[in-house]
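Chemist: My structure is in final_4.txt, and what it holds is compact mmCIF, C-alpha atoms and all ligand atoms:
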```txt
# COMPACT_ATOMS: atom_id res chain seq x y z
CA MET A 1 -11.59 -180.56 2.71
CA LYS A 2 -13.01 -178.62 -0.23
CA PRO A 3 -13.64 -180.90 -3.23
CA LYS A 4 -12.29 -179.97 -6.68
CA PHE A 5 -15.17 -179.12 -8.99
CA ALA A 6 -15.28 -179.17 -12.79
CA ASP A 7 -14.36 -175.95 -14.62
CA HIS A 8 -16.89 -176.59 -17.38
CA LYS A 9 -20.47 -177.79 -17.30
CA ASN A 10 -21.86 -180.53 -19.57
CA ASP A 11 -25.41 -180.45 -20.95
CA LYS A 12 -26.97 -182.87 -18.45
CA ASN A 13 -29.28 -181.73 -15.64
CA VAL A 14 -29.84 -183.72 -12.48
CA ALA A 15 -32.45 -183.04 -9.80
CA ILE A 16 -31.59 -184.09 -6.28
CA ILE A 17 -34.43 -184.55 -3.81
CA GLY A 18 -33.22 -184.17 -0.23
CA SER A 19 -30.24 -182.26 1.11
CA GLY A 20 -28.89 -184.71 3.70
CA PRO A 21 -25.53 -186.46 3.39
CA ALA A 22 -26.84 -188.65 0.53
CA GLY A 23 -28.00 -185.63 -1.49
CA ILE A 24 -24.87 -183.66 -0.61
CA SER A 25 -22.51 -186.41 -1.71
CA ALA A 26 -24.51 -187.07 -4.89
CA ALA A 27 -24.36 -183.35 -5.69
CA THR A 28 -20.63 -183.25 -4.97
CA PHE A 29 -19.80 -186.09 -7.36
CA LEU A 30 -22.05 -184.69 -10.07
CA LEU A 31 -20.65 -181.17 -9.79
CA ARG A 32 -17.11 -182.53 -9.90
CA LYS A 33 -17.97 -184.08 -13.25
CA GLY A 34 -19.61 -180.93 -14.61
CA PHE A 35 -23.29 -181.87 -14.33
CA ASN A 36 -25.88 -179.16 -13.69
CA VAL A 37 -27.42 -179.85 -10.32
CA GLU A 38 -30.60 -178.57 -8.66
CA MET A 39 -31.41 -179.64 -5.12
CA PHE A 40 -34.95 -179.68 -3.68
CA GLU A 41 -35.34 -179.67 0.10
CA ARG A 42 -38.65 -179.58 1.97
CA SER A 43 -37.15 -178.08 5.11
CA ASP A 44 -36.17 -174.42 5.54
CA ARG A 45 -32.46 -175.30 5.74
CA ALA A 46 -30.28 -177.74 3.85
CA GLY A 47 -28.36 -180.54 5.56
CA GLY A 48 -31.01 -183.15 6.42
CA LEU A 49 -30.40 -184.84 9.77
CA LEU A 50 -26.98 -183.20 9.94
CA MET A 51 -28.77 -179.88 10.37
CA TYR A 52 -31.92 -180.76 12.30
CA GLY A 53 -31.39 -184.26 13.76
CA ILE A 54 -27.91 -184.47 15.24
CA PRO A 55 -27.59 -182.02 18.14
CA GLY A 56 -25.38 -178.95 17.84
CA PHE A 57 -23.16 -180.04 20.74
CA LYS A 58 -22.19 -183.08 18.63
CA LEU A 59 -22.02 -181.51 15.19
CA ASP A 60 -21.26 -177.84 14.62
CA LYS A 61 -23.82 -176.57 12.10
CA THR A 62 -21.37 -174.16 10.49
CA THR A 63 -19.56 -177.19 9.03
CA VAL A 64 -22.80 -178.30 7.37
CA ASP A 65 -23.44 -174.79 5.99
CA ARG A 66 -19.85 -174.62 4.73
CA ARG A 67 -20.29 -177.80 2.70
CA ILE A 68 -23.59 -176.59 1.23
CA ASN A 69 -21.94 -173.27 0.34
CA TRP A 70 -19.19 -175.09 -1.56
CA LEU A 71 -21.90 -176.74 -3.68
CA LEU A 72 -23.61 -173.39 -4.29
CA GLU A 73 -20.27 -171.84 -5.29
CA ALA A 74 -19.82 -174.74 -7.72
CA GLY A 75 -23.12 -173.78 -9.40
CA MET A 76 -25.71 -175.91 -7.65
CA LYS A 77 -29.18 -174.36 -7.34
CA LEU A 78 -30.86 -174.99 -3.99
CA HIS A 79 -34.61 -174.78 -3.40
CA VAL A 80 -35.56 -174.93 0.28
CA ASN A 81 -39.15 -175.12 1.57
CA CYS A 82 -39.82 -177.16 -1.54
CA GLU A 83 -41.33 -180.56 -0.94
CA VAL A 84 -41.47 -182.86 -3.91
CA GLY A 85 -44.95 -184.36 -4.00
CA ASN A 86 -46.36 -181.17 -2.50
CA ASN A 87 -44.86 -177.87 -3.76
CA LYS A 88 -43.21 -179.54 -6.74
CA SER A 89 -44.40 -182.58 -8.66
CA ILE A 90 -42.10 -185.45 -9.52
CA SER A 91 -43.58 -185.48 -13.04
CA GLU A 92 -42.33 -181.92 -13.50
CA LEU A 93 -38.85 -182.95 -12.40
CA ASP A 94 -39.00 -185.99 -14.65
CA LYS A 95 -39.83 -183.71 -17.59
CA ASP A 96 -37.22 -181.04 -16.82
CA PHE A 97 -34.24 -183.16 -15.77
CA ASP A 98 -32.20 -185.95 -17.33
CA ALA A 99 -32.00 -187.83 -14.06
CA ILE A 100 -33.38 -187.66 -10.54
CA PHE A 101 -31.67 -188.71 -7.33
CA LEU A 102 -33.77 -189.52 -4.26
CA GLY A 103 -31.95 -188.81 -1.04
CA ILE A 104 -35.04 -188.39 1.09
CA GLY A 105 -33.82 -190.19 4.19
CA SER A 106 -35.85 -192.42 6.41
CA THR A 107 -38.19 -190.41 8.56
CA ALA A 108 -40.89 -192.85 9.62
CA SER A 109 -40.22 -193.27 13.35
CA ASN A 110 -40.74 -196.76 14.77
CA LYS A 111 -43.33 -197.17 17.54
CA VAL A 112 -43.46 -199.45 20.60
CA LYS A 113 -47.01 -200.51 19.75
CA ILE A 114 -48.48 -200.27 23.25
CA ASP A 115 -51.48 -198.49 24.76
CA GLY A 116 -50.93 -194.84 25.58
CA GLU A 117 -48.40 -194.29 22.84
CA GLU A 118 -50.54 -191.52 21.36
CA SER A 119 -50.56 -189.58 24.65
CA SER A 120 -49.47 -185.94 24.44
CA ASN A 121 -46.55 -186.71 26.78
CA VAL A 122 -45.06 -189.28 24.43
CA HIS A 123 -42.86 -187.93 21.63
CA PHE A 124 -40.68 -189.22 18.85
CA ALA A 125 -36.95 -188.54 19.18
CA ILE A 126 -36.77 -186.74 15.85
CA ASP A 127 -39.53 -184.26 16.82
CA PHE A 128 -37.79 -183.56 20.12
CA LEU A 129 -34.33 -183.07 18.59
CA THR A 130 -35.55 -181.08 15.57
CA GLY A 131 -37.57 -178.64 17.68
CA ILE A 132 -34.66 -177.87 19.99
CA GLN A 133 -32.22 -177.54 17.09
CA LYS A 134 -34.55 -175.13 15.27
CA ARG A 135 -34.91 -173.03 18.40
CA ASN A 136 -31.13 -173.05 18.92
CA LEU A 137 -30.60 -171.88 15.35
CA GLY A 138 -32.89 -168.94 15.98
CA ASN A 139 -35.94 -170.05 13.98
CA LYS A 140 -39.03 -168.06 14.92
CA ASN A 141 -42.20 -169.55 16.48
CA VAL A 142 -40.80 -173.02 17.06
CA ASN A 143 -43.00 -175.39 19.04
CA TYR A 144 -40.25 -177.31 20.76
CA ILE A 145 -40.79 -179.92 23.48
CA ASP A 146 -39.85 -178.31 26.79
CA VAL A 147 -38.31 -180.81 29.25
CA LYS A 148 -37.06 -178.28 31.80
CA ASP A 149 -37.68 -179.56 35.35
CA LYS A 150 -39.37 -182.67 33.95
CA LYS A 151 -38.69 -186.35 34.55
CA VAL A 152 -37.65 -187.61 31.13
CA VAL A 153 -37.60 -191.26 30.11
CA VAL A 154 -36.01 -192.16 26.78
CA ILE A 155 -36.75 -195.58 25.32
CA GLY A 156 -34.03 -196.96 23.03
CA GLY A 157 -30.30 -197.60 23.13
CA GLY A 158 -28.82 -196.25 19.90
CA ASP A 159 -27.09 -192.99 19.01
CA THR A 160 -30.43 -191.21 18.66
CA ALA A 161 -31.39 -192.23 22.20
CA MET A 162 -28.03 -190.94 23.45
CA ASP A 163 -28.64 -187.63 21.65
CA CYS A 164 -32.04 -187.39 23.36
CA VAL A 165 -30.78 -188.10 26.87
CA ARG A 166 -27.83 -185.74 26.51
CA THR A 167 -30.06 -183.03 25.02
CA SER A 168 -32.52 -183.46 27.90
CA VAL A 169 -29.70 -182.94 30.39
CA ARG A 170 -28.72 -179.72 28.59
CA GLU A 171 -32.34 -178.58 28.56
CA GLY A 172 -32.47 -178.75 32.38
CA ALA A 173 -34.57 -181.89 32.90
CA GLU A 174 -35.08 -182.86 36.56
CA SER A 175 -34.00 -186.44 35.83
CA VAL A 176 -33.14 -188.39 32.69
CA LYS A 177 -33.48 -192.14 32.40
CA CYS A 178 -32.73 -194.39 29.44
CA LEU A 179 -34.56 -197.72 29.18
CA TYR A 180 -32.99 -200.29 26.90
CA ARG A 181 -34.28 -203.78 26.10
CA ARG A 182 -30.90 -205.54 26.15
CA ASP A 183 -27.79 -205.25 28.34
CA GLU A 184 -25.11 -202.57 28.08
CA ALA A 185 -22.73 -204.72 26.03
CA ASN A 186 -25.38 -205.05 23.32
CA MET A 187 -26.28 -201.41 22.96
CA PRO A 188 -26.13 -200.46 19.27
CA GLY A 189 -24.84 -196.93 19.76
CA SER A 190 -21.37 -195.57 20.38
CA LYS A 191 -19.85 -196.69 23.69
CA LYS A 192 -18.30 -193.24 24.09
CA GLU A 193 -21.73 -191.63 23.99
CA VAL A 194 -22.96 -193.91 26.79
CA VAL A 195 -19.92 -193.01 28.91
CA ASN A 196 -20.57 -189.32 28.21
CA ALA A 197 -24.25 -189.66 29.08
CA LYS A 198 -23.46 -191.40 32.38
CA GLU A 199 -20.94 -188.70 33.26
CA GLU A 200 -23.65 -186.12 32.61
CA GLY A 201 -25.99 -187.83 35.09
CA VAL A 202 -28.18 -190.03 32.89
CA GLU A 203 -29.44 -193.21 34.57
CA PHE A 204 -29.53 -196.38 32.47
CA VAL A 205 -31.95 -199.24 33.07
CA PHE A 206 -31.10 -202.33 31.04
CA ASN A 207 -33.09 -205.43 30.03
CA VAL A 208 -36.40 -203.56 30.14
CA ILE A 209 -39.06 -204.19 27.56
CA VAL A 210 -42.01 -201.83 27.50
CA ILE A 211 -45.22 -203.89 27.43
CA ASN A 212 -48.97 -203.58 27.96
CA GLU A 213 -49.66 -206.51 30.28
CA GLY A 214 -47.74 -208.43 32.93
CA THR A 215 -45.83 -205.31 33.93
CA GLU A 216 -43.16 -205.98 36.58
CA TYR A 217 -42.72 -202.36 37.55
CA LEU A 218 -43.88 -198.88 36.60
CA GLU A 219 -41.57 -196.04 35.65
CA ASP A 220 -42.46 -192.53 36.74
CA ALA A 221 -42.18 -190.02 33.87
CA ASP A 222 -43.48 -186.61 32.81
CA ILE A 223 -42.21 -186.99 29.25
CA ILE A 224 -41.41 -190.15 27.29
CA ILE A 225 -39.23 -189.96 24.19
CA LEU A 226 -39.26 -192.87 21.74
CA ALA A 227 -35.89 -193.43 20.07
CA LEU A 228 -36.56 -196.76 18.39
CA GLY A 229 -35.12 -196.16 14.96
CA PHE A 230 -36.63 -195.33 11.60
CA SER A 231 -38.09 -197.32 8.74
CA PRO A 232 -37.59 -196.48 5.09
CA GLU A 233 -40.74 -195.72 3.12
CA SER A 234 -41.57 -195.57 -0.53
CA PRO A 235 -42.77 -191.99 -1.06
CA SER A 236 -46.28 -191.73 -2.47
CA PHE A 237 -45.20 -189.19 -5.09
CA LEU A 238 -43.39 -191.98 -6.98
CA LYS A 239 -46.80 -193.40 -7.95
CA GLU A 240 -47.13 -190.52 -10.38
CA LEU A 241 -44.35 -192.14 -12.39
CA ASP A 242 -45.64 -195.67 -11.84
CA ALA A 243 -42.61 -196.21 -9.66
CA VAL A 244 -42.21 -197.73 -6.25
CA ILE A 245 -39.40 -198.58 -3.90
CA LEU A 246 -39.83 -202.15 -2.79
CA SER A 247 -38.86 -204.13 0.30
CA ASN A 248 -37.16 -202.63 3.30
CA LYS A 249 -34.35 -205.14 3.18
CA GLU A 250 -32.87 -204.33 -0.16
CA LEU A 251 -34.51 -201.29 -1.61
CA HIS A 252 -34.55 -200.71 -5.30
CA THR A 253 -36.31 -198.17 -7.37
CA TYR A 254 -38.50 -199.70 -10.01
CA ILE A 255 -40.71 -198.33 -12.68
CA ASN A 256 -43.57 -199.81 -14.69
CA THR A 257 -43.85 -202.45 -12.01
CA ASN A 258 -46.06 -205.45 -12.16
CA LEU A 259 -46.28 -206.26 -8.49
CA SER A 260 -48.26 -209.48 -8.80
CA SER A 261 -45.81 -211.24 -11.08
CA LYS A 262 -42.77 -209.62 -9.45
CA ASP A 263 -41.65 -208.75 -12.92
CA TYR A 264 -39.85 -205.54 -12.08
CA GLU A 265 -37.89 -203.29 -14.30
CA TYR A 266 -35.33 -200.80 -13.06
CA THR A 267 -36.17 -197.19 -13.65
CA ASN A 268 -33.70 -195.60 -15.96
CA THR A 269 -34.21 -192.10 -14.63
CA ILE A 270 -34.36 -192.34 -10.86
CA GLY A 271 -31.62 -193.32 -8.48
CA PHE A 272 -31.63 -193.21 -4.73
CA GLY A 273 -29.33 -193.48 -1.77
CA GLY A 274 -28.83 -192.75 1.91
CA ASP A 275 -31.13 -193.79 4.73
CA ASN A 276 -33.94 -194.73 2.36
CA SER A 277 -31.71 -197.42 0.94
CA LEU A 278 -29.83 -200.20 2.63
CA LYS A 279 -27.44 -200.88 -0.19
CA ILE A 280 -23.76 -200.25 0.34
CA ASP A 281 -22.93 -199.04 -3.14
CA LEU A 282 -25.55 -196.33 -2.95
CA ILE A 283 -24.20 -193.57 -5.09
CA ALA A 284 -22.45 -195.58 -7.74
CA GLU A 285 -25.12 -198.13 -8.41
CA ASN A 286 -28.15 -195.97 -7.97
CA ILE A 287 -27.67 -192.34 -8.78
CA PHE A 288 -26.05 -192.89 -12.11
CA ILE A 289 -28.29 -195.68 -13.22
CA LYS A 290 -29.52 -193.49 -16.04
CA TYR A 291 -26.02 -192.97 -17.33
CA LEU A 292 -25.00 -196.53 -16.63
CA LYS A 293 -27.85 -197.73 -18.81
CA LYS A 294 -27.59 -195.13 -21.49
CA PHE A 295 -23.88 -194.83 -21.87
CA GLY A 296 -22.64 -197.92 -20.06
CA ASN A 297 -20.03 -195.83 -18.34
CA ILE A 298 -19.43 -195.81 -14.67
CA TYR A 299 -16.45 -196.51 -12.53
CA SER A 300 -16.36 -196.78 -8.78
CA GLU A 301 -13.28 -197.64 -6.75
CA GLU A 302 -15.49 -198.84 -3.95
CA CYS A 303 -17.96 -200.82 -5.98
CA GLY A 304 -15.70 -202.10 -8.64
CA LEU A 305 -18.03 -201.21 -11.47
CA LEU A 306 -15.85 -200.59 -14.46
CA SER A 307 -16.52 -198.69 -17.63
CA ILE A 308 -15.00 -197.46 -20.81
CA ASN A 309 -14.27 -193.79 -21.36
CA SER A 310 -16.96 -191.39 -22.41
CA GLU A 311 -18.08 -187.84 -21.95
CA TYR A 312 -20.38 -188.78 -19.11
CA THR A 313 -18.29 -191.28 -17.22
CA ILE A 314 -18.46 -190.61 -13.52
CA ILE A 315 -15.62 -191.51 -11.24
CA VAL A 316 -16.89 -192.17 -7.75
CA ASP A 317 -13.67 -192.04 -5.79
CA PRO A 318 -12.66 -190.70 -2.39
CA LEU A 319 -12.71 -186.91 -2.32
CA ASP A 320 -9.32 -185.31 -2.82
C1 LIG B 401 -30.45 -188.09 16.13
C2 LIG B 401 -29.57 -188.72 15.13
C3 LIG B 401 -28.21 -188.82 15.38
C4 LIG B 401 -27.37 -189.40 14.46
N1 LIG B 401 -26.04 -189.45 14.74
C5 LIG B 401 -25.22 -189.98 13.82
C6 LIG B 401 -23.82 -190.04 14.05
O1 LIG B 401 -23.34 -189.62 15.10
N2 LIG B 401 -23.04 -190.55 13.09
C7 LIG B 401 -23.56 -191.03 11.90
O2 LIG B 401 -22.81 -191.47 11.04
N3 LIG B 401 -24.88 -190.98 11.65
C8 LIG B 401 -25.70 -190.48 12.59
N4 LIG B 401 -27.04 -190.45 12.34
C9 LIG B 401 -27.54 -190.99 11.07
C10 LIG B 401 -27.36 -189.97 9.94
O3 LIG B 401 -27.80 -188.70 10.35
C11 LIG B 401 -28.15 -190.45 8.74
O4 LIG B 401 -27.70 -191.76 8.39
C12 LIG B 401 -27.97 -189.54 7.54
O5 LIG B 401 -28.36 -188.21 7.86
C13 LIG B 401 -28.82 -190.05 6.38
O6 LIG B 401 -28.64 -189.21 5.30
P1 LIG B 401 -29.73 -189.07 4.14
O7 LIG B 401 -29.21 -188.03 3.24
O8 LIG B 401 -30.06 -190.41 3.62
O9 LIG B 401 -31.06 -188.59 4.87
P2 LIG B 401 -31.42 -187.32 5.74
O10 LIG B 401 -30.24 -186.78 6.47
O11 LIG B 401 -32.60 -187.73 6.54
O12 LIG B 401 -31.85 -186.22 4.66
C14 LIG B 401 -33.00 -186.40 3.89
C15 LIG B 401 -33.51 -185.03 3.48
O13 LIG B 401 -34.53 -185.20 2.49
C16 LIG B 401 -35.54 -184.23 2.75
N5 LIG B 401 -36.77 -184.70 2.11
C17 LIG B 401 -37.49 -185.80 2.42
N6 LIG B 401 -38.54 -185.91 1.61
C18 LIG B 401 -38.50 -184.86 0.78
C19 LIG B 401 -39.32 -184.42 -0.29
N7 LIG B 401 -40.42 -185.09 -0.68
N8 LIG B 401 -38.98 -183.28 -0.96
C20 LIG B 401 -37.87 -182.57 -0.60
N9 LIG B 401 -37.06 -182.95 0.42
C21 LIG B 401 -37.37 -184.08 1.09
C22 LIG B 401 -35.62 -184.18 4.25
O14 LIG B 401 -36.24 -182.97 4.70
C23 LIG B 401 -34.14 -184.25 4.62
O15 LIG B 401 -33.57 -182.96 4.69
C24 LIG B 401 -27.90 -189.90 13.26
C25 LIG B 401 -29.27 -189.81 13.01
C26 LIG B 401 -30.10 -189.24 13.93
C27 LIG B 401 -31.58 -189.16 13.67
```
Could you rewrite the structure in this file as structure tokens?

Modeler:
Amino acid sequence: MKPKFADHKNDKNVAIIGSGPAGISAATFLLRKGFNVEMFERSDRAGGLLMYGIPGFKLDKTTVDRRINWLLEAGMKLHVNCEVGNNKSISELDKDFDAIFLGIGSTASNKVKIDGEESSNVHFAIDFLTGIQKRNLGNKNVNYIDVKDKKVVVIGGGDTAMDCVRTSVREGAESVKCLYRRDEANMPGSKKEVVNAKEEGVEFVFNVIVINEGTEYLEDADIIILALGFSPESPSFLKELDAVILSNKELHTYINTNLSSKDYEYTNTIGFGGDNSLKIDLIAENIFIKYLKKFGNIYSEECGLLSINSEYTIIVDPLD
């Protein structure tokens, strides 16, 4: 449903880095309250994993474009092919904007840590899915991973693994096998996806751990796709501001850190959310930290943070 946006703008400017669901929802709440929003996205299209990770047969890309268009209509400026830390410096953003929101996702693919992992026939799930999605969207000169008539083995048991096996089937693979380290009952992904994958001809092999030595059996494969999840990373560009995101359990953004004494201080200009954060109250607690500190005004139905009234109070409530 289309959100209601503010009729008038205030004088505060917020930069949003990343155009995935975290960036999109941050932009939505800010635009509803009248903030000026500019979004910086390193890819050629906005939407993050919604655009280039999740396959088109699962998520229609026109719905992603429609939501981005609503934000543009509401006055947001979007810069694609603009990577912060490369084409645009974070110091520049820090100078030009009152606050910055990091919604950069979690793109560091986990490895199995065995010999042969660097082979040209072994690929990360995200590279496989992104290439095919780009080709399907008509991007020119895409180097996608061609699995037609190949024996594909996908390692992993989550939603990403299911997207890989089901994409491989659609790409005309000769056979598609999914190896998972636990049993079916303990698969982390959606049960429906597993049922769908089986119906489409995917073979599942459970309780298999890929190891270097003591191998009980060998699996024949032309292409191996690793779908073992992602780890959040602290982007190197934050160093420019003496900032760092610490710990992958409970990520916070800090500035002027003193790592040895663990005497951290919250940044008052940078917030973050989405896959590069594991906190539940992402938007409320993080994006508006600047305003929370400066004006002491924030209210979130979900997080229970309460505030007094002021010009910049942000209400983080379900979209109407
Ligand atoms: C294959 C797959 C299937 C999934 N299926 C589901 C599902 O069915 N249901 C579900 O709820 N979730 C699903 N997820 C998870 C969901 O997609 C993510 O949780 C969600 O996209 C995270 O949103 P985000 O905004 O934090 O990050 P992302 O969607 O990753 O967006 C981050 C954006 O930041 C950009 N960026 C990064 N660094 C920079 C930089 N320096 N400068 C500018 N831009 C930058 C990236 O290019 C990217 O566009 C799936 C994920 C994958 C990989």

Chemist: Can you work out which residues are within 8 Å of ligand LIG 401 (chain B), considering only C-alpha atoms and all ligand atoms, and then hand them over as a PyMOL selection string?

Modeler: chain A and resi 17-24+40-43+45-50+53-55+58+81-86+103-107+125-126+129+159-161+163-164+229+235+237+273-277

Chemist: For the selection you just gave me, I'd like the residues written to a file as a PDB file, keeping the file's coordinate frame, keeping C-alpha atoms.

Modeler:
```
ATOM      1  CA  ILE A  17     -34.430-184.550  -3.810  1.00  0.00           C
ATOM      2  CA  GLY A  18     -33.220-184.170  -0.230  1.00  0.00           C
ATOM      3  CA  SER A  19     -30.240-182.260   1.110  1.00  0.00           C
ATOM      4  CA  GLY A  20     -28.890-184.710   3.700  1.00  0.00           C
ATOM      5  CA  PRO A  21     -25.530-186.460   3.390  1.00  0.00           C
ATOM      6  CA  ALA A  22     -26.840-188.650   0.530  1.00  0.00           C
ATOM      7  CA  GLY A  23     -28.000-185.630  -1.490  1.00  0.00           C
ATOM      8  CA  ILE A  24     -24.870-183.660  -0.610  1.00  0.00           C
ATOM      9  CA  PHE A  40     -34.950-179.680  -3.680  1.00  0.00           C
ATOM     10  CA  GLU A  41     -35.340-179.670   0.100  1.00  0.00           C
ATOM     11  CA  ARG A  42     -38.650-179.580   1.970  1.00  0.00           C
ATOM     12  CA  SER A  43     -37.150-178.080   5.110  1.00  0.00           C
ATOM     13  CA  ARG A  45     -32.460-175.300   5.740  1.00  0.00           C
ATOM     14  CA  ALA A  46     -30.280-177.740   3.850  1.00  0.00           C
ATOM     15  CA  GLY A  47     -28.360-180.540   5.560  1.00  0.00           C
ATOM     16  CA  GLY A  48     -31.010-183.150   6.420  1.00  0.00           C
ATOM     17  CA  LEU A  49     -30.400-184.840   9.770  1.00  0.00           C
ATOM     18  CA  LEU A  50     -26.980-183.200   9.940  1.00  0.00           C
ATOM     19  CA  GLY A  53     -31.390-184.260  13.760  1.00  0.00           C
ATOM     20  CA  ILE A  54     -27.910-184.470  15.240  1.00  0.00           C
ATOM     21  CA  PRO A  55     -27.590-182.020  18.140  1.00  0.00           C
ATOM     22  CA  LYS A  58     -22.190-183.080  18.630  1.00  0.00           C
ATOM     23  CA  ASN A  81     -39.150-175.120   1.570  1.00  0.00           C
ATOM     24  CA  CYS A  82     -39.820-177.160  -1.540  1.00  0.00           C
ATOM     25  CA  GLU A  83     -41.330-180.560  -0.940  1.00  0.00           C
ATOM     26  CA  VAL A  84     -41.470-182.860  -3.910  1.00  0.00           C
ATOM     27  CA  GLY A  85     -44.950-184.360  -4.000  1.00  0.00           C
ATOM     28  CA  ASN A  86     -46.360-181.170  -2.500  1.00  0.00           C
ATOM     29  CA  GLY A 103     -31.950-188.810  -1.040  1.00  0.00           C
ATOM     30  CA  ILE A 104     -35.040-188.390   1.090  1.00  0.00           C
ATOM     31  CA  GLY A 105     -33.820-190.190   4.190  1.00  0.00           C
ATOM     32  CA  SER A 106     -35.850-192.420   6.410  1.00  0.00           C
ATOM     33  CA  THR A 107     -38.190-190.410   8.560  1.00  0.00           C
ATOM     34  CA  ALA A 125     -36.950-188.540  19.180  1.00  0.00           C
ATOM     35  CA  ILE A 126     -36.770-186.740  15.850  1.00  0.00           C
ATOM     36  CA  LEU A 129     -34.330-183.070  18.590  1.00  0.00           C
ATOM     37  CA  ASP A 159     -27.090-192.990  19.010  1.00  0.00           C
ATOM     38  CA  THR A 160     -30.430-191.210  18.660  1.00  0.00           C
ATOM     39  CA  ALA A 161     -31.390-192.230  22.200  1.00  0.00           C
ATOM     40  CA  ASP A 163     -28.640-187.630  21.650  1.00  0.00           C
ATOM     41  CA  CYS A 164     -32.040-187.390  23.360  1.00  0.00           C
ATOM     42  CA  GLY A 229     -35.120-196.160  14.960  1.00  0.00           C
ATOM     43  CA  PRO A 235     -42.770-191.990  -1.060  1.00  0.00           C
ATOM     44  CA  PHE A 237     -45.200-189.190  -5.090  1.00  0.00           C
ATOM     45  CA  GLY A 273     -29.330-193.480  -1.770  1.00  0.00           C
ATOM     46  CA  GLY A 274     -28.830-192.750   1.910  1.00  0.00           C
ATOM     47  CA  ASP A 275     -31.130-193.790   4.730  1.00  0.00           C
ATOM     48  CA  ASN A 276     -33.940-194.730   2.360  1.00  0.00           C
ATOM     49  CA  SER A 277     -31.710-197.420   0.940  1.00  0.00           C
TER      50      SER A 277
END
```

Chemist: A:Ala185, A:Arg166, A:Tyr180, A:Leu31: which is nearest Lys198 of chain A, counting only C-alpha atoms?

Modeler: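 Of all the options, A:Arg166 lies closest to Lys198 of chain A.
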
Chemist: Can you tell me how far atom CA of Lys134 of chain A sits from atom CA of Thr63 of chain A, in Å to one decimal?

Modeler: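 Interatomic distance here is 16.4 Å.
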
Chemist: So which residues touch Asp60 of chain A within 12 Å, counting only C-alpha atoms, skipping near sequence neighbours fewer than 6 positions away, as a PyMOL selection string?

Modeler: chain A and resi 47+50-52+54+66-67+133+136-137

Chemist: Please produce an output containing C-alpha atoms for each residue in the selection, written as an mmCIF file, in the coordinates of the input.

Modeler:
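Done, and the output landed in result_2.cif:
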```
data_model
loop_
_atom_site.group_PDB
_atom_site.id
_atom_site.type_symbol
_atom_site.label_atom_id
_atom_site.label_comp_id
_atom_site.auth_asym_id
_atom_site.auth_seq_id
_atom_site.Cartn_x
_atom_site.Cartn_y
_atom_site.Cartn_z
ATOM 1 C CA GLY A 47 -28.360 -180.540 5.560
ATOM 2 C CA LEU A 50 -26.980 -183.200 9.940
ATOM 3 C CA MET A 51 -28.770 -179.880 10.370
ATOM 4 C CA TYR A 52 -31.920 -180.760 12.300
ATOM 5 C CA ILE A 54 -27.910 -184.470 15.240
ATOM 6 C CA ARG A 66 -19.850 -174.620 4.730
ATOM 7 C CA ARG A 67 -20.290 -177.800 2.700
ATOM 8 C CA GLN A 133 -32.220 -177.540 17.090
ATOM 9 C CA ASN A 136 -31.130 -173.050 18.920
ATOM 10 C CA LEU A 137 -30.600 -171.880 15.350
#
```

Chemist: Grab the atom CA of Ala99 of chain A to atom CA of Ala15 of chain A distance for me, in Å with one decimal place.

Modeler: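 Rounded to one decimal, the two atoms are 6.4 Å apart.
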
Chemist: Mind checking which residues fall within 9 Å of Lys12 of chain A, counting only C-alpha atoms, ignoring those fewer than 5 positions away in the same chain, and posting them as a list in words?

Modeler: Gly34, Phe35, Asn36, Val37, Phe97, Asp98, Ala99 and Tyr312 of chain A

Chemist: Atom CA of Ser168 of chain A and atom CA of Gly116 of chain A are how many Å apart?

Modeler: 21.8 Å

Chemist: Need the shell around Lys113 of chain A: protein/DNA/RNA residues with any atom at most 10 Å away, counting only C-alpha atoms. Skip same-chain ones fewer than 5 positions apart. Format as a list of chain:residue names?

Modeler: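 Listing them by chain and then by number gives A:Glu118, A:Val210, A:Ile211, A:Asn212.
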
Chemist: Using only the atoms of segment 120-125 of chain A listed in the file, plus 8 Å on each side, state the axis-aligned box centre and edge lengths in Å rounded to one decimal, as lines of an AutoDock Vina configuration file.

Modeler:
```
center_x = -43.2
center_y = -187.6
center_z = 22.8
size_x = 28.5
size_y = 19.3
size_z = 23.9
```

Chemist: Please provide as a PyMOL selection string all residues within 7 Å of Lys148 of chain A, with the sequence filter that same-chain residues fewer than 5 positions apart are discarded (counting all atoms listed in the file).

Modeler: chain A and resi 171-174

Chemist: Measuring atom to atom with only C-alpha atoms, identify which of A:Gly131, A:Gly201, A:Gly158, A:Gly138 is nearest to Gly189 of chain A.

Modeler: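 That would be A:Gly158, the residue with the smallest distance to Gly189 of chain A.
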
Chemist: Which one is closest to Ile100 of chain A: A:Asp115, A:Asp149, A:Asp65, A:Glu38? Count all atoms listed in the file.

Modeler: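 Closest to Ile100 of chain A, using all atoms listed in the file: A:Glu38.
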
Chemist: With distances taken over all atoms listed in the file, which of A:Lys95, A:Gly157, A:Phe128, A:His123 is nearest to Tyr144 of chain A?

Modeler: A:Phe128

Chemist: Using all atoms listed in the file, pick whichever of A:Trp70, A:Ile223, A:Ser119, A:Asp44 has the shortest atom-to-atom distance to Asp146 of chain A.

Modeler: A:Ile223

Chemist: For Glu73 of chain A, list every protein, DNA or RNA residue within 12 Å, evaluated using all atoms listed in the file, and leave out those in the same chain fewer than 3 positions away; present the list as number ranges by chain.

Modeler: A: 2-7, 28, 31, 37, 66-70, 76-78

Chemist: In terms of the shortest atom-to-atom distance over only C-alpha atoms, which of A:Ser25, A:Ser91, A:Asn186, A:Asn139 is closest to Phe206 of chain A?

Modeler: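 Nearest candidate to Phe206 of chain A out of A:Ser25, A:Ser91, A:Asn186, A:Asn139: A:Asn186.
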